[in-house]
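Peer 1: Structure: entry_15.cif, mmCIF, C-alpha atoms.
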```cif
data_my_file
loop_
_atom_site.label_atom_id
_atom_site.label_comp_id
_atom_site.auth_asym_id
_atom_site.auth_seq_id
_atom_site.Cartn_x
_atom_site.Cartn_y
_atom_site.Cartn_z
CA MET N 1 0.00 0.00 0.00
CA ASN N 2 1.45 3.33 -1.07
CA ASP N 3 0.48 6.23 1.21
CA ASP N 4 2.41 8.90 -0.72
CA LYS N 5 0.80 12.32 -0.78
CA ILE N 6 1.41 14.50 -3.83
CA ILE N 7 1.03 18.27 -3.83
CA SER N 8 1.35 20.21 -7.07
CA LEU N 9 2.43 23.81 -6.75
CA GLN N 10 1.28 26.56 -9.07
CA VAL N 11 4.38 28.63 -9.66
CA ASN N 12 3.87 32.36 -9.57
CA ARG N 13 7.12 34.26 -9.15
CA LYS N 14 5.42 37.04 -7.17
CA ASP N 15 4.29 34.57 -4.51
CA PHE N 16 7.88 33.44 -3.97
CA GLU N 17 9.27 37.00 -4.13
CA GLU N 18 6.74 38.08 -1.51
CA VAL N 19 8.22 35.59 0.93
CA TYR N 20 11.91 35.80 0.01
CA LEU N 21 12.16 39.57 -0.32
CA HIS N 22 9.75 40.77 2.38
CA GLY N 23 10.74 43.50 4.82
CA ASN N 24 13.78 44.84 2.93
CA GLN N 25 15.38 41.37 2.85
CA GLY N 26 16.94 42.15 -0.52
CA SER N 27 18.08 45.68 0.30
CA LEU N 28 21.86 45.97 0.44
CA PHE N 29 21.97 48.55 3.25
CA PHE N 30 18.65 48.15 5.03
CA SER N 31 18.18 44.38 5.20
CA PRO N 32 17.89 43.11 8.79
CA SER N 33 21.39 41.60 8.75
CA VAL N 34 23.09 44.78 7.42
CA LYS N 35 21.07 47.64 8.89
CA GLY N 36 22.86 47.72 12.28
CA LYS N 37 26.30 47.60 10.69
CA PHE N 38 25.33 50.37 8.26
CA ILE N 39 24.07 52.65 11.04
CA THR N 40 27.17 51.98 13.16
CA THR N 41 29.45 52.79 10.22
CA VAL N 42 27.59 56.04 9.51
CA VAL N 43 27.82 57.07 13.19
CA MET N 44 31.55 56.29 13.25
CA ALA N 45 32.03 58.31 10.04
CA PHE N 46 30.15 61.23 11.59
CA ILE N 47 32.32 61.11 14.74
CA LEU N 48 35.45 60.90 12.61
CA VAL N 49 34.41 63.95 10.54
CA ILE N 50 33.75 65.92 13.73
CA LEU N 51 37.17 64.94 15.09
CA PHE N 52 38.82 66.04 11.84
CA PHE N 53 37.16 69.44 12.12
CA PHE N 54 38.45 69.87 15.66
CA LYS N 55 41.82 68.15 15.23
CA ASP N 56 43.67 71.46 15.68
CA ASP N 57 42.12 71.78 19.15
CA LEU N 58 43.42 68.36 20.25
CA SER N 59 46.62 68.26 22.23
CA LYS N 60 49.42 65.90 21.20
CA GLU N 61 48.47 63.55 24.03
CA LYS N 62 44.85 63.33 22.84
CA PHE N 63 45.70 63.03 19.14
CA GLY N 64 45.64 59.22 19.54
CA ILE N 65 41.85 59.46 19.80
CA LEU N 66 41.74 60.43 16.12
CA TYR N 67 43.78 57.34 15.19
CA PHE N 68 41.63 55.12 17.39
CA VAL N 69 38.35 56.39 15.89
CA SER N 70 39.85 56.03 12.40
CA PHE N 71 40.69 52.41 13.20
CA LEU N 72 37.14 51.79 14.50
CA PHE N 73 35.67 53.37 11.37
CA LEU N 74 37.78 51.12 9.13
CA LEU N 75 36.78 48.08 11.16
CA CYS N 76 33.10 49.00 10.84
CA ALA N 77 33.53 49.58 7.11
CA VAL N 78 35.08 46.13 6.66
CA TYR N 79 32.26 44.42 8.57
CA LEU N 80 29.72 46.41 6.57
CA SER N 81 31.29 45.41 3.26
CA LEU N 82 31.29 41.73 4.30
CA ALA N 83 27.61 41.92 5.27
CA VAL N 84 26.67 43.71 2.04
CA ASN N 85 28.59 41.10 0.04
CA LYS N 86 26.74 38.29 1.82
CA VAL N 87 23.34 39.87 1.10
CA SER N 88 24.35 40.50 -2.52
CA LYS N 89 25.33 36.85 -3.03
CA TRP N 90 22.13 35.64 -1.36
CA LYS N 91 20.02 37.94 -3.54
CA LYS N 92 21.75 36.71 -6.71
CA GLU N 93 21.04 33.10 -5.69
CA VAL N 94 17.40 33.91 -4.98
CA VAL N 95 16.97 35.69 -8.32
CA ALA N 96 18.58 32.75 -10.15
CA TYR N 97 16.27 30.33 -8.32
CA LEU N 98 13.24 32.46 -9.14
CA LYS N 99 14.23 32.42 -12.82
CA THR N 100 14.24 28.62 -12.76
CA LEU N 101 10.79 28.71 -11.19
CA GLU N 102 9.44 30.94 -13.96
CA ASN N 103 10.14 28.20 -16.48
CA ALA N 104 8.87 25.37 -14.27
CA GLU N 105 6.47 23.01 -15.95
CA ILE N 106 6.34 20.61 -13.01
CA TYR N 107 6.75 21.53 -9.37
CA GLN N 108 5.54 18.80 -7.05
CA ILE N 109 6.03 17.74 -3.48
CA GLN N 110 5.65 14.05 -2.70
CA PHE N 111 5.94 12.65 0.80
CA ASN N 112 5.03 9.79 3.07
CA ALA N 113 5.89 8.93 6.68
CA LYS N 114 9.62 8.46 5.91
CA VAL N 115 10.56 10.27 2.70
CA PHE N 116 10.14 13.81 1.35
CA LYS N 117 10.65 14.40 -2.40
CA VAL N 118 10.60 17.54 -4.51
CA ASN N 119 10.27 17.35 -8.28
CA LEU N 120 11.14 20.53 -10.18
CA ASN N 121 11.12 19.98 -13.95
CA HIS N 122 12.02 16.31 -13.54
CA HIS N 123 14.97 17.20 -11.28
CA LYS N 124 14.14 15.18 -8.19
CA GLU N 125 15.58 15.72 -4.71
CA THR N 126 14.89 13.11 -2.06
CA SER N 127 15.36 13.51 1.67
CA LEU N 128 14.42 11.53 4.70
CA TRP N 129 12.32 13.45 7.17
CA THR N 130 15.07 12.87 9.74
CA GLU N 131 17.53 14.84 7.58
CA PHE N 132 15.63 18.08 8.16
CA THR N 133 17.11 20.02 11.05
CA ALA N 134 14.59 22.86 11.27
CA ALA N 135 11.20 23.89 10.00
CA GLU N 136 9.33 27.17 10.01
CA ILE N 137 5.59 27.28 9.57
CA ASP N 138 4.19 30.75 8.98
CA GLU N 139 0.91 32.21 7.78
CA LYS N 140 2.48 32.77 4.36
CA PHE N 141 4.90 29.87 3.88
CA ILE N 142 6.45 26.63 5.10
CA ALA N 143 10.25 26.39 5.15
CA LEU N 144 12.41 23.32 5.69
CA GLU N 145 16.15 23.26 6.38
CA GLY N 146 18.42 20.26 6.10
CA LYS N 147 20.22 18.40 3.36
CA PHE N 148 18.21 20.60 0.98
CA ASN N 149 16.46 23.85 1.93
CA TYR N 150 12.94 24.54 0.75
CA MET N 151 10.37 27.29 1.04
CA PHE N 152 6.82 26.75 -0.16
CA PRO N 153 4.47 29.76 -0.25
CA LYS N 154 0.91 29.18 0.89
CA LYS N 155 -0.38 31.00 -2.20
CA SER N 156 1.25 28.46 -4.53
CA MET N 157 -0.97 25.58 -3.37
CA ARG N 158 -4.55 24.85 -2.40
CA ALA N 159 -5.52 25.53 1.22
CA SER N 160 -6.16 21.82 1.85
CA ASP N 161 -2.71 20.94 0.46
CA TYR N 162 -1.11 23.62 2.65
CA ASP N 163 -2.81 22.17 5.74
CA LEU N 164 -1.73 18.66 4.75
CA LEU N 165 1.89 19.75 4.32
CA LYS N 166 1.76 21.73 7.56
CA GLN N 167 0.57 18.69 9.52
CA ALA N 168 3.24 16.48 7.93
CA VAL N 169 5.99 18.97 8.79
CA LYS N 170 4.76 19.34 12.38
CA LYS N 171 4.64 15.58 12.76
CA ASN N 172 7.99 14.73 11.14
CA VAL N 173 10.35 17.66 11.81
CA GLN N 174 11.19 18.50 15.40
#
```
In structure tokens, what does this structure look like?

Peer 2:
Amino acid sequence: MNDDKIISLQVNRKDFEEVYLHGNQGSLFFSPSVKGKFITTVVMAFILVILFFFKDDLSKEKFGILYFVSFLFLLCAVYLSLAVNKVSKWKKEVVAYLKTLENAEIYQIQFNAKVFKVNLNHHKETSLWTEFTAAEIDEKFIALEGKFNYMFPKKSMRASDYDLLKQAVKKNVQ
């Protein structure tokens, strides 16, 4: 007896973009992972500019403050550039993935009590439920992390299929 459940997804790029790029996720300077570093770098630059304006008023003993703040500014700038680079790479990967979805003829999820399979244009990825390390169930999507990472928007499937997948994820991923 085969108890495999099959869910077909209707691919609409906007549904996936809505989840991946919500809340400035794709913004280079205002994404949640970069925003704090950007603000810190701007504050350090502001302090450094003020110190440069008043550098003639600093005594020789206190001139080291200017060097120290310059070092902190450079350190902040390096961390900011690393964070921006990371967001840029992530965004390129997401855009490339979304382009593959635009041309998808088949996008199916198939699962049973032990195995979870995804079929995207006859490219099949198979995982055991035990290989998933984390799951996120939201009002708008279901995400799975493990050997392969997946995100399935609620809008891309029927409500009954979404509930079925949600129950399977709750049951099998802890």

Peer 1: Spell out the residues picked by the PyMOL selection byres ((chain N and resi 88) around 12) here, as a PyMOL selection string.

Peer 2: chain N and resi 25-29+31+33-34+81-87+89-95

Peer 1: Could you tell me which residues the PyMOL selection byres ((chain N and resi 131) around 9) grabs in this file, written as an NGL selection string?

Peer 2: :N and (127-130 or 132-133 or 145-148 or 173)

Peer 1: I want to know what sits within 12 Å of Lys99 (chain N), based on all atoms listed in the file, with residues of the same chain fewer than 6 positions away left out; could you give that as a PyMOL selection string?

Peer 2: chain N and resi 11-14+16-17+92-93

Peer 1: Near region 70-79 of chain N, counting all atoms listed in the file, which residues have an atom at most 9 Å away, once you skip same-chain residues fewer than 2 positions from it, shown as a list in words?

Peer 2: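 The contact residues come out as Lys37, Phe38, Thr40, Thr41, Val42, Val43, Met44, Ala45, Leu48, Ile65, Leu66, Tyr67, Phe68, Ser81, Leu82, Ala83 and Val84 of chain N.
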
Peer 1: Counting all atoms listed in the file, find the residues whose atoms lie at most 8 Å from (8.5, 22.6, -14.6) (file coordinates) and write them out as an MDAnalysis selection string.

Peer 2: chainID N and resid 101 103:107 120:122

Peer 1: Between N:Thr126, N:Asp57, N:Leu164, N:Glu139, which has the minimum distance to Lys114 (chain N) (counting all atoms listed in the file)?

Peer 2: N:Thr126

Peer 1: Choose the residue, out of N:Glu125, N:Asp15, N:Asn172, N:Asp4, that has the smallest atom-to-atom separation from Glu102 (chain N); count all atoms listed in the file.

Peer 2: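 Among the listed residues, the smallest separation from Glu102 (chain N) belongs to N:Asp15.
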
Peer 1: Report, in Å to a single decimal, how far apart CA of Ala143 (chain N) and CA of Lys170 (chain N) are.

Peer 2: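 We find that CA of Lys170 (chain N) and CA of Ala143 (chain N) lie 11.5 Å from each other.
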
Peer 1: So what do you get for CA of Arg158 (chain N) versus CA of Gly23 (chain N), distance-wise?

Peer 2: 25.2 Å

Peer 1: Record the distance separating CA of Tyr162 (chain N) and CA of Asp3 (chain N), expressed in Å with one decimal.

Peer 2: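 Pair CA of Tyr162 (chain N) / CA of Asp3 (chain N) returns 17.5 Å.
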